[in-house]
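Structure file entry.cif (mmCIF, C-alpha atoms and all ligand atoms) follows.
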```cif
data_start
loop_
_atom_site.label_atom_id
_atom_site.label_comp_id
_atom_site.auth_asym_id
_atom_site.auth_seq_id
_atom_site.Cartn_x
_atom_site.Cartn_y
_atom_site.Cartn_z
CA MET A 12 -8.80 -22.75 -46.68
CA SER A 13 -12.10 -24.48 -47.44
CA GLY A 14 -14.24 -26.18 -44.76
CA PRO A 15 -13.19 -29.76 -45.64
CA GLU A 16 -9.50 -28.72 -45.79
CA ILE A 17 -9.76 -27.17 -42.35
CA ALA A 18 -11.51 -30.33 -41.13
CA SER A 19 -8.87 -32.72 -42.46
CA GLY A 20 -6.05 -30.48 -41.21
CA VAL A 21 -7.52 -30.48 -37.74
CA GLN A 22 -8.13 -34.23 -37.80
CA ALA A 23 -4.46 -34.77 -38.64
CA LEU A 24 -3.40 -32.51 -35.80
CA LEU A 25 -5.81 -34.13 -33.37
CA GLY A 26 -4.54 -37.55 -34.31
CA GLY A 27 -1.02 -36.33 -33.60
CA VAL A 28 -1.59 -34.93 -30.15
CA ARG A 29 -4.29 -37.03 -28.54
CA SER A 30 -2.85 -39.45 -26.07
CA ALA A 31 -5.14 -42.37 -25.24
CA ALA A 32 -3.21 -43.33 -22.12
CA SER A 33 -2.55 -39.95 -20.54
CA PRO A 34 -3.25 -39.50 -16.80
CA PHE A 35 -5.60 -36.64 -17.63
CA ARG A 36 -7.71 -38.84 -19.88
CA THR A 37 -7.81 -41.47 -17.13
CA TYR A 38 -9.06 -38.76 -14.76
CA LEU A 39 -11.81 -37.80 -17.25
CA LYS A 40 -12.74 -41.46 -17.74
CA ASP A 41 -13.19 -41.85 -13.99
CA LEU A 42 -15.42 -38.78 -13.90
CA HIS A 43 -17.45 -40.09 -16.81
CA ARG A 44 -17.92 -43.42 -15.04
CA ARG A 45 -18.95 -41.63 -11.84
CA PHE A 46 -21.82 -39.72 -13.47
CA ALA A 47 -22.85 -41.98 -16.37
CA ASN A 48 -25.56 -43.72 -14.33
CA ASP A 49 -26.98 -40.47 -13.00
CA SER A 50 -30.29 -40.22 -14.87
CA GLU A 51 -31.65 -37.08 -13.24
CA GLY A 52 -33.25 -34.51 -15.57
CA ARG A 53 -35.29 -34.56 -18.78
CA VAL A 54 -34.57 -34.14 -22.46
CA ALA A 55 -35.92 -30.81 -23.85
CA ASP A 56 -39.15 -31.28 -25.78
CA TYR A 57 -40.54 -27.76 -26.29
CA ILE A 58 -38.73 -27.84 -29.64
CA PRO A 59 -40.20 -31.15 -30.91
CA GLU A 60 -37.04 -32.26 -32.75
CA LEU A 61 -34.93 -32.03 -29.57
CA ALA A 62 -37.07 -34.69 -27.90
CA LYS A 63 -35.31 -37.29 -30.10
CA ALA A 64 -32.09 -36.98 -28.06
CA LYS A 65 -31.06 -40.12 -26.17
CA PRO A 66 -30.92 -39.72 -22.37
CA GLU A 67 -27.80 -41.89 -22.14
CA TRP A 68 -25.68 -39.68 -24.41
CA PHE A 69 -22.79 -38.35 -22.35
CA GLY A 70 -19.46 -36.99 -23.56
CA ILE A 71 -16.67 -34.92 -22.03
CA SER A 72 -13.97 -33.13 -24.00
CA VAL A 73 -11.16 -30.84 -22.93
CA ALA A 74 -8.97 -28.74 -25.23
CA THR A 75 -5.95 -26.81 -24.02
CA VAL A 76 -4.53 -23.55 -25.35
CA ASN A 77 -1.47 -25.42 -26.59
CA GLY A 78 -3.62 -27.69 -28.74
CA LEU A 79 -3.93 -30.86 -26.65
CA THR A 80 -7.35 -32.52 -26.75
CA PHE A 81 -8.84 -35.19 -24.51
CA GLU A 82 -12.21 -36.84 -24.81
CA VAL A 83 -14.30 -39.60 -23.29
CA GLY A 84 -17.77 -41.01 -23.99
CA ASP A 85 -19.98 -39.48 -26.67
CA ALA A 86 -17.64 -36.61 -27.45
CA GLN A 87 -18.20 -37.00 -31.18
CA THR A 88 -22.00 -37.26 -31.12
CA ASP A 89 -23.61 -34.31 -32.86
CA PHE A 90 -26.08 -32.03 -31.10
CA THR A 91 -27.39 -28.54 -31.82
CA ILE A 92 -25.49 -25.68 -30.28
CA GLN A 93 -28.66 -23.80 -29.17
CA SER A 94 -27.92 -21.10 -26.59
CA VAL A 95 -24.22 -21.92 -26.47
CA SER A 96 -24.06 -19.91 -29.72
CA LYS A 97 -25.12 -16.74 -27.92
CA PRO A 98 -21.80 -15.49 -26.50
CA PHE A 99 -20.01 -16.14 -29.79
CA VAL A 100 -22.63 -14.15 -31.73
CA PHE A 101 -22.34 -11.37 -29.14
CA GLY A 102 -18.65 -11.23 -30.08
CA LEU A 103 -19.52 -10.90 -33.77
CA ALA A 104 -22.06 -8.15 -33.03
CA LEU A 105 -19.34 -6.26 -31.14
CA GLU A 106 -16.95 -6.63 -34.05
CA ASP A 107 -19.61 -5.46 -36.51
CA ASN A 108 -20.92 -2.52 -34.47
CA GLY A 109 -18.45 -1.60 -31.71
CA ARG A 110 -19.29 -1.49 -27.99
CA ASP A 111 -21.41 1.67 -27.87
CA HIS A 112 -23.96 0.68 -30.48
CA THR A 113 -24.10 -2.96 -29.36
CA LEU A 114 -24.69 -1.99 -25.74
CA SER A 115 -27.44 0.43 -26.78
CA ARG A 116 -29.32 -2.64 -28.04
CA VAL A 117 -28.48 -5.18 -25.32
CA GLY A 118 -27.27 -4.85 -21.72
CA VAL A 119 -24.89 -6.98 -19.66
CA GLU A 120 -26.97 -7.41 -16.50
CA PRO A 121 -28.18 -10.83 -15.29
CA THR A 122 -31.96 -11.25 -15.18
CA GLY A 123 -32.48 -14.04 -12.65
CA ASP A 124 -35.39 -15.02 -14.90
CA ALA A 125 -35.90 -17.93 -17.26
CA PHE A 126 -34.08 -17.69 -20.60
CA ASN A 127 -37.26 -17.08 -22.59
CA SER A 128 -38.95 -14.68 -20.16
CA ILE A 129 -40.72 -11.66 -21.62
CA ILE A 130 -41.58 -9.85 -18.36
CA LYS A 131 -38.60 -7.52 -17.83
CA LEU A 132 -38.52 -6.65 -21.51
CA ASP A 133 -41.96 -5.10 -21.15
CA THR A 134 -41.67 -3.56 -17.69
CA LYS A 135 -38.17 -2.08 -18.09
CA SER A 136 -36.65 -0.07 -20.94
CA GLY A 137 -37.45 -2.51 -23.73
CA ARG A 138 -33.71 -3.12 -23.97
CA PRO A 139 -33.03 -6.79 -23.31
CA GLN A 140 -30.91 -7.21 -20.21
CA ASN A 141 -28.15 -9.37 -21.62
CA PRO A 142 -27.17 -11.32 -24.76
CA MET A 143 -27.54 -14.73 -23.07
CA VAL A 144 -31.34 -14.66 -22.69
CA ASN A 145 -33.45 -15.16 -25.80
CA ALA A 146 -34.56 -11.52 -26.12
CA GLY A 147 -30.96 -10.31 -25.94
CA ALA A 148 -29.75 -13.02 -28.29
CA ILE A 149 -32.36 -12.11 -30.91
CA SER A 150 -31.38 -8.45 -30.57
CA THR A 151 -27.72 -9.49 -30.92
CA ALA A 152 -28.46 -11.58 -34.04
CA GLY A 153 -30.16 -8.45 -35.40
CA LEU A 154 -26.79 -6.70 -35.21
CA VAL A 155 -24.98 -9.20 -37.45
CA LYS A 156 -24.26 -7.42 -40.71
CA GLY A 157 -24.89 -8.63 -44.26
CA ALA A 158 -26.92 -7.68 -47.33
CA HIS A 159 -29.40 -10.54 -46.89
CA LEU A 160 -30.10 -13.60 -44.76
CA THR A 161 -27.68 -15.88 -46.64
CA GLU A 162 -24.80 -13.46 -46.32
CA ARG A 163 -25.56 -12.84 -42.67
CA PHE A 164 -25.73 -16.56 -41.91
CA ASN A 165 -22.57 -17.27 -43.88
CA ARG A 166 -20.74 -14.71 -41.76
CA LEU A 167 -22.21 -16.07 -38.53
CA GLY A 168 -21.65 -19.75 -39.44
CA GLY A 169 -18.14 -18.93 -40.68
CA MET A 170 -17.36 -17.31 -37.35
CA LEU A 171 -18.55 -20.36 -35.35
CA SER A 172 -16.58 -22.63 -37.71
CA ARG A 173 -13.38 -20.65 -37.14
CA TYR A 174 -13.76 -21.20 -33.41
CA ALA A 175 -14.32 -24.93 -33.91
CA GLY A 176 -11.63 -25.34 -36.57
CA ARG A 177 -13.95 -27.06 -39.03
CA SER A 178 -16.93 -26.18 -41.16
CA LEU A 179 -20.05 -26.63 -39.00
CA PRO A 180 -23.34 -27.64 -40.70
CA VAL A 181 -26.92 -26.69 -39.77
CA ASP A 182 -29.40 -29.36 -38.64
CA MET A 183 -32.24 -28.55 -41.01
CA ALA A 184 -34.79 -30.66 -39.09
CA VAL A 185 -34.13 -28.74 -35.85
CA TYR A 186 -34.14 -25.43 -37.73
CA THR A 187 -37.53 -26.19 -39.28
CA SER A 188 -38.86 -27.42 -35.94
CA GLU A 189 -37.75 -24.23 -34.15
CA ARG A 190 -38.98 -22.01 -36.94
CA SER A 191 -42.46 -23.48 -36.88
CA THR A 192 -42.85 -23.53 -33.08
CA GLY A 193 -40.88 -20.43 -31.98
CA HIS A 194 -43.91 -18.26 -31.20
CA ARG A 195 -42.48 -16.96 -27.97
CA ASN A 196 -39.30 -15.86 -29.72
CA ARG A 197 -41.44 -14.11 -32.35
CA ALA A 198 -43.31 -12.33 -29.56
CA LEU A 199 -40.01 -11.18 -27.99
CA ALA A 200 -38.75 -9.90 -31.35
CA HIS A 201 -41.92 -7.98 -32.13
CA LEU A 202 -42.01 -6.44 -28.67
CA MET A 203 -38.44 -5.24 -29.23
CA LEU A 204 -39.47 -3.83 -32.61
CA ASN A 205 -42.20 -1.93 -30.79
CA PHE A 206 -39.50 -0.42 -28.52
CA GLY A 207 -37.15 0.37 -31.44
CA MET A 208 -34.57 -2.09 -30.09
CA ILE A 209 -34.35 -4.17 -33.25
CA ASP A 210 -34.36 -3.26 -36.94
CA PRO A 211 -37.57 -3.82 -38.94
CA ASN A 212 -36.29 -6.94 -40.78
CA VAL A 213 -37.55 -8.95 -37.79
CA ASP A 214 -38.52 -12.11 -39.68
CA GLU A 215 -35.10 -12.31 -41.33
CA THR A 216 -33.39 -11.82 -37.95
CA LEU A 217 -35.57 -14.52 -36.37
CA ASP A 218 -34.61 -16.89 -39.20
CA LEU A 219 -30.97 -16.06 -38.58
CA TYR A 220 -31.44 -16.75 -34.86
CA PHE A 221 -33.17 -20.11 -35.51
CA GLN A 222 -30.35 -21.12 -37.87
CA GLN A 223 -27.72 -20.03 -35.37
CA CYS A 224 -29.32 -22.25 -32.70
CA SER A 225 -29.48 -25.21 -35.12
CA VAL A 226 -25.76 -25.37 -35.91
CA LEU A 227 -24.52 -28.91 -35.30
CA ILE A 228 -21.51 -29.44 -33.09
CA ASN A 229 -20.08 -32.13 -30.85
CA ALA A 230 -18.29 -31.90 -27.50
CA ARG A 231 -14.90 -31.92 -29.21
CA ASP A 232 -15.89 -28.86 -31.30
CA LEU A 233 -17.26 -27.13 -28.24
CA ALA A 234 -14.08 -27.67 -26.24
CA MET A 235 -12.09 -26.22 -29.15
CA MET A 236 -14.44 -23.22 -29.32
CA GLY A 237 -13.90 -22.59 -25.61
CA ALA A 238 -10.14 -23.12 -25.92
CA THR A 239 -10.13 -20.45 -28.65
CA LEU A 240 -11.62 -18.00 -26.15
CA ALA A 241 -9.12 -19.17 -23.52
CA ASN A 242 -6.38 -18.49 -26.08
CA GLY A 243 -7.26 -14.85 -26.78
CA GLY A 244 -9.48 -15.63 -29.78
CA VAL A 245 -6.95 -17.74 -31.70
CA ASN A 246 -7.90 -21.36 -32.45
CA PRO A 247 -5.13 -23.41 -30.80
CA LEU A 248 -4.88 -25.82 -33.76
CA THR A 249 -5.66 -23.89 -36.93
CA LYS A 250 -4.19 -20.66 -35.48
CA GLU A 251 -7.06 -18.76 -37.10
CA GLN A 252 -8.32 -15.64 -35.31
CA ALA A 253 -12.01 -16.26 -34.57
CA ILE A 254 -12.67 -12.96 -32.78
CA ALA A 255 -10.70 -9.73 -32.40
CA PRO A 256 -8.67 -10.08 -29.18
CA GLU A 257 -10.11 -6.88 -27.66
CA TYR A 258 -13.59 -8.43 -27.48
CA VAL A 259 -12.64 -11.71 -25.81
CA GLN A 260 -13.07 -10.19 -22.36
CA ASP A 261 -16.56 -8.89 -23.28
CA VAL A 262 -17.64 -12.38 -24.28
CA LEU A 263 -16.14 -14.07 -21.23
CA SER A 264 -17.63 -11.44 -18.90
CA VAL A 265 -21.22 -12.06 -19.99
CA MET A 266 -20.59 -15.80 -19.81
CA TYR A 267 -19.40 -15.36 -16.23
CA SER A 268 -22.35 -13.19 -15.15
CA CYS A 269 -25.19 -14.61 -17.28
CA GLY A 270 -24.14 -17.85 -19.02
CA MET A 271 -25.89 -20.57 -17.03
CA TYR A 272 -29.50 -19.38 -17.15
CA ASP A 273 -31.00 -18.48 -13.77
CA TYR A 274 -28.38 -20.66 -12.07
CA THR A 275 -25.49 -18.38 -13.02
CA GLY A 276 -24.96 -16.91 -9.55
CA GLU A 277 -24.80 -20.35 -8.01
CA TRP A 278 -22.56 -21.62 -10.83
CA SER A 279 -20.13 -18.69 -10.50
CA TYR A 280 -19.97 -19.31 -6.75
CA ARG A 281 -19.43 -23.05 -7.03
CA VAL A 282 -17.46 -23.44 -10.26
CA GLY A 283 -16.00 -19.96 -10.79
CA LEU A 284 -15.55 -20.12 -14.56
CA PRO A 285 -17.17 -18.29 -17.49
CA ALA A 286 -19.49 -20.79 -19.14
CA LYS A 287 -22.50 -21.23 -21.41
CA SER A 288 -25.18 -23.81 -21.54
CA GLY A 289 -27.80 -24.73 -24.16
CA VAL A 290 -30.97 -26.82 -24.26
CA GLY A 291 -29.30 -29.23 -26.72
CA GLY A 292 -27.36 -30.48 -23.66
CA GLY A 293 -24.02 -28.76 -24.27
CA VAL A 294 -22.05 -26.76 -21.70
CA VAL A 295 -18.68 -25.09 -22.24
CA ALA A 296 -16.59 -23.71 -19.38
CA VAL A 297 -13.48 -21.64 -20.10
CA VAL A 298 -10.32 -21.46 -18.00
CA PRO A 299 -8.68 -18.33 -19.45
CA ARG A 300 -5.12 -18.88 -20.71
CA VAL A 301 -5.35 -22.61 -19.88
CA MET A 302 -8.11 -24.68 -21.47
CA ALA A 303 -11.83 -25.29 -21.94
CA ILE A 304 -14.07 -28.09 -20.74
CA ALA A 305 -17.08 -29.17 -22.82
CA VAL A 306 -19.73 -31.59 -21.60
CA PHE A 307 -22.63 -32.98 -23.60
CA SER A 308 -25.55 -34.73 -21.94
CA PRO A 309 -29.13 -33.87 -22.97
CA LEU A 310 -30.79 -34.56 -19.60
CA LEU A 311 -31.66 -31.05 -18.38
CA ASP A 312 -32.80 -29.62 -15.08
CA GLU A 313 -35.82 -27.30 -14.87
CA ARG A 314 -33.68 -24.26 -15.74
CA GLY A 315 -32.32 -25.81 -18.95
CA ASN A 316 -28.84 -26.82 -17.74
CA SER A 317 -27.47 -30.28 -18.41
CA VAL A 318 -27.50 -32.06 -15.04
CA ARG A 319 -24.43 -34.21 -15.70
CA ALA A 320 -22.55 -31.21 -17.10
CA LEU A 321 -23.13 -29.23 -13.90
CA LYS A 322 -21.79 -32.12 -11.84
CA VAL A 323 -18.76 -32.78 -14.06
CA CYS A 324 -17.74 -29.10 -14.23
CA GLU A 325 -18.10 -28.60 -10.50
CA ALA A 326 -15.99 -31.69 -9.85
CA ILE A 327 -13.25 -30.65 -12.30
CA SER A 328 -13.13 -27.11 -10.94
CA LYS A 329 -12.75 -28.39 -7.36
CA ASP A 330 -10.33 -31.21 -8.18
CA LEU A 331 -8.02 -29.03 -10.27
CA GLY A 332 -8.33 -25.72 -8.39
CA LEU A 333 -9.85 -23.81 -11.32
CA HIS A 334 -12.12 -21.29 -9.53
CA LEU A 335 -10.94 -17.95 -10.94
CA LEU A 336 -11.51 -16.06 -7.71
CA ALA A 337 -9.67 -18.44 -5.40
CA HIS A 338 -7.01 -16.58 -3.41
CA SER A 339 -4.37 -19.27 -3.77
CA PRO A 340 -5.73 -21.99 -6.00
CA ASN A 341 -4.24 -25.40 -5.43
CA ARG A 342 -3.26 -26.36 -8.94
CA ARG A 343 -0.89 -29.16 -7.98
CA ARG A 344 -3.22 -31.82 -9.40
CA LEU A 345 -3.67 -29.85 -12.64
CA THR A 346 0.11 -29.61 -12.99
CA GLU A 347 0.46 -33.33 -12.35
CA LEU A 348 -2.21 -34.25 -14.88
CA LEU A 349 -1.24 -31.68 -17.50
CA PRO A 350 2.47 -30.90 -17.05
CA GLY A 351 3.55 -27.59 -18.55
CA ILE A 352 0.03 -26.20 -18.93
CA VAL A 353 0.26 -23.70 -16.05
CA ASP A 354 3.30 -21.88 -14.65
N1 LIG B 1 -33.29 -22.03 -29.70
C1 LIG B 1 -33.69 -22.09 -28.32
C2 LIG B 1 -34.79 -21.11 -28.05
O1 LIG B 1 -34.79 -20.05 -28.63
C3 LIG B 1 -32.48 -21.82 -27.49
C4 LIG B 1 -32.76 -22.07 -26.06
C5 LIG B 1 -31.57 -22.40 -25.23
O2 LIG B 1 -30.70 -23.18 -25.60
O3 LIG B 1 -31.52 -21.82 -24.15
O4 LIG B 1 -35.66 -21.35 -27.27
#
```
Could you quickly redo this structure as C-alpha cells?
Ligand code: GLU
Amino acid sequence: MSGPEIASGVQALLGGVRSAASPFRTYLKDLHRRFANDSEGRVADYIPELAKAKPEWFGISVATVNGLTFEVGDAQTDFTIQSVSKPFVFGLALEDNGRDHTLSRVGVEPTGDAFNSIIKLDTKSGRPQNPMVNAGAISTAGLVKGAHLTERFNRLGGMLSRYAGRSLPVDMAVYTSERSTGHRNRALAHLMLNFGMIDPNVDETLDLYFQQCSVLINARDLAMMGATLANGGVNPLTKEQAIAPEYVQDVLSVMYSCGMYDYTGEWSYRVGLPAKSGVGGGVVAVVPRVMAIAVFSPLLDERGNSVRALKVCEAISKDLGLHLLAHSPNRRRLTELLPGIVD
C-alpha cells in the first residue's frame, strides 16, 4: 500500500470509530480545560526553527489497542517528533543487528544527566549509556542499515510511518536548522568515532539523525504509534507489523527507565508508564495491552519535558489506575469510561 492509500484508509477507519460524545472524550475535554491556561515553561529555541511554535498549542489524543481514537484540542497540529523518535529507531537497530551487537554500541542504563550531555561519554567506556540520550540515539541511528543515506532514511521513515499508519513527511526547515546548528551532536558523534563506537560514515549518520528528529507528526499519529507498541508491534488500524514482536519489550523497557530525560525516575514513580518526550513538545505514554496517551504542548520545563504533558499524564494515570506497578490498580473508572478495554 502506498503512503496516501494508507492515509485515506486510516482516515476512513478513524471516521468510523471516533465518537464525539463518548464519556472518555468528555473526560479528556475536562482535562484539557483544566490545564489549557497553565502557561508554565518555555518553547525550545536552541534549534532556531523550533522557536516558532505557539505557546498555546495543546492537544491530547488517546488510541486503544482495539482501534478506538479520542482527541481534544490541537491533536492534528503538526510538530517535529524530535527525541520521541529515539525508542522507535532503537527497535529498528535491534531488528537490523540483533541484541548483542546493538548493546555493544549502546547501553540501557539511565544517565541522570541532560539529554545532550557529553561528560559520561568521555569519562566512562565511550559507549553511550542508553538510546534515549543524544549520544546513544546517534549511535543507534548509526546501526540503521542501508547502502546510502536515502535508503537508510527510507527504511527509518517507513518504519515510523508503519507505526503511525500513514506516510510521515520531514519538516525540511527544521532539518536544515538542526543540521546547521547541531555542533554538540557533531561533537558527540566524533567522540564516539574516536572510541570506535560508531562507524566512520559519521556525517551520513548525523544527517540521518537530524532527519529522524525532523519527521512531522501530530498527537493523533503519536497516540497511534504508542498504541502499536501497546499492541505488540501491530498497528491497531492498519494491522501492519511495525516492529518484530520480540523487540517490543526492549523498546518499552528503555522508555520506562530512560524516556523522560533526567526526570525519568520521578516520572516512573509518579506515572508508572513507559514514555518518551521530545523538545518539539510531544510526549507518548504507553499502557501495554490497553492504549497509549499522546500529549502535545511545546511549553517545556528546564529538562525538556512538556509541562502540560507531565500534568495531563500524571492526572490520567492517577484517575484511571494506570501505574504498572500498582499492587491492585483501581481500574473501575477506566472500565466505566472505556467499557471492554480491560478484563
Ligand atoms: N534533535 C534534538 C537534538 O538532537 C532532539 C532533542 C530532544 O528532543 O531531546 O538536540
For this session: Using all atoms listed in the file, collect all residues at a distance of at most 8 Å from (1.4, -22.4, -18.7) as written in the file, then present them as a list in words.
Result: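 Using all atoms listed in the file, the matching residues come out as Arg300, Val301, Gly351, Ile352, Val353 and Asp354 of chain A.
CA of Val298 in chain A is positioned 17.6 Å from CA of Tyr38 in chain A.
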Exercise. Using all atoms listed in the file, which of A:Cys324, A:Thr37, A:Val54, A:Phe101 sits nearest Gln260 in chain A?
Worked result: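 Residue with the minimum atom-to-atom distance to Gln260 in chain A: A:Phe101.
Among the candidates A:Val95, A:Ala200, A:Leu132, A:Val144, the one nearest to Asp273 in chain A when counting all atoms listed in the file is A:Val144.
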Problem set entry | Near-ligand residues for ligand LIG 1 (chain B), threshold 7 Å, all atoms listed in the file, as a ChimeraX atom specification | /A:93-95,126-127,145,189,193,196,221,224,288-291,315
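Taking only C-alpha atoms into account, the protein, DNA and RNA residues within 12 Å of (-19.8, -8.9, -15.4) read Gly118, Val119, Glu120, Pro121, Asn141, Gln260, Asp261, Val262, Leu263, Ser264, Val265, Met266, Tyr267, Ser268, Cys269, Gly270, Thr275, Gly276, Ser279 and Pro285 of chain A.
Pairwise distance (CA of Ala104 in chain A, CA of Ser172 in chain A) equals 16.2 Å.
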Exercise. Any idea what's packed within 12 Å of Ala64 in chain A, counting all atoms listed in the file, ignoring anything in its chain fewer than 5 positions away? Could you give it as number ranges by chain?
Worked result: A: 53-56, 58-59, 69, 88-91, 185, 290-292, 307-311
Exercise. Counting only C-alpha atoms, which of A:Met302, A:Leu204, A:Ile228, A:Val181 gets nearest to Arg138 in chain A?
Worked result: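 Looking only at the distances to Arg138 in chain A, the closest residue turns out to be A:Leu204.
Counting from CA of Met183 in chain A, the distance to CA of Glu313 in chain A is 26.4 Å.
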For this session: Go through A:Gly78, A:Pro350, A:Gly109, A:Pro340 and flag the residue nearest Asn246 in chain A, using only C-alpha atoms for the distances.
Result: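 For Asn246 in chain A, the nearest of the given residues is A:Gly78.
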For this session: Using all atoms listed in the file, find the one residue out of A:Lys40, A:Leu167, A:Lys156, A:Arg319 that sits nearest to Ile254 in chain A.
Result: A:Leu167
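Distances from A:Asp49, A:Glu251, A:Glu106, A:Glu325 to Ile304 in chain A were compared using all atoms listed in the file, and the smallest one belongs to A:Glu325.
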For this session: Write out as a PyMOL selection string which residues come within 9 Å of Leu179 in chain A when counting all atoms listed in the file, dropping same-chain ones fewer than 6 positions away.
Result: chain A and resi 14+168-169+171-172+226-228
If you take every atom of range 122-138 of chain A that the file lists and fit an axis-aligned box around them with 8 Å extra on each side, what centre and edge lengths come out in Å to one decimal, as AutoDock Vina command-line options?
```
--center_x -37.0 --center_y -9.0 --center_z -18.3 --size_x 26.0 --size_y 33.9 --size_z 27.3
```
Exercise. Phe206 in chain A: which residues within 9 Å, counting only C-alpha atoms, same-chain residues fewer than 4 positions away excluded, as a PyMOL selection string?
Worked result: chain A and resi 136-138+201-202
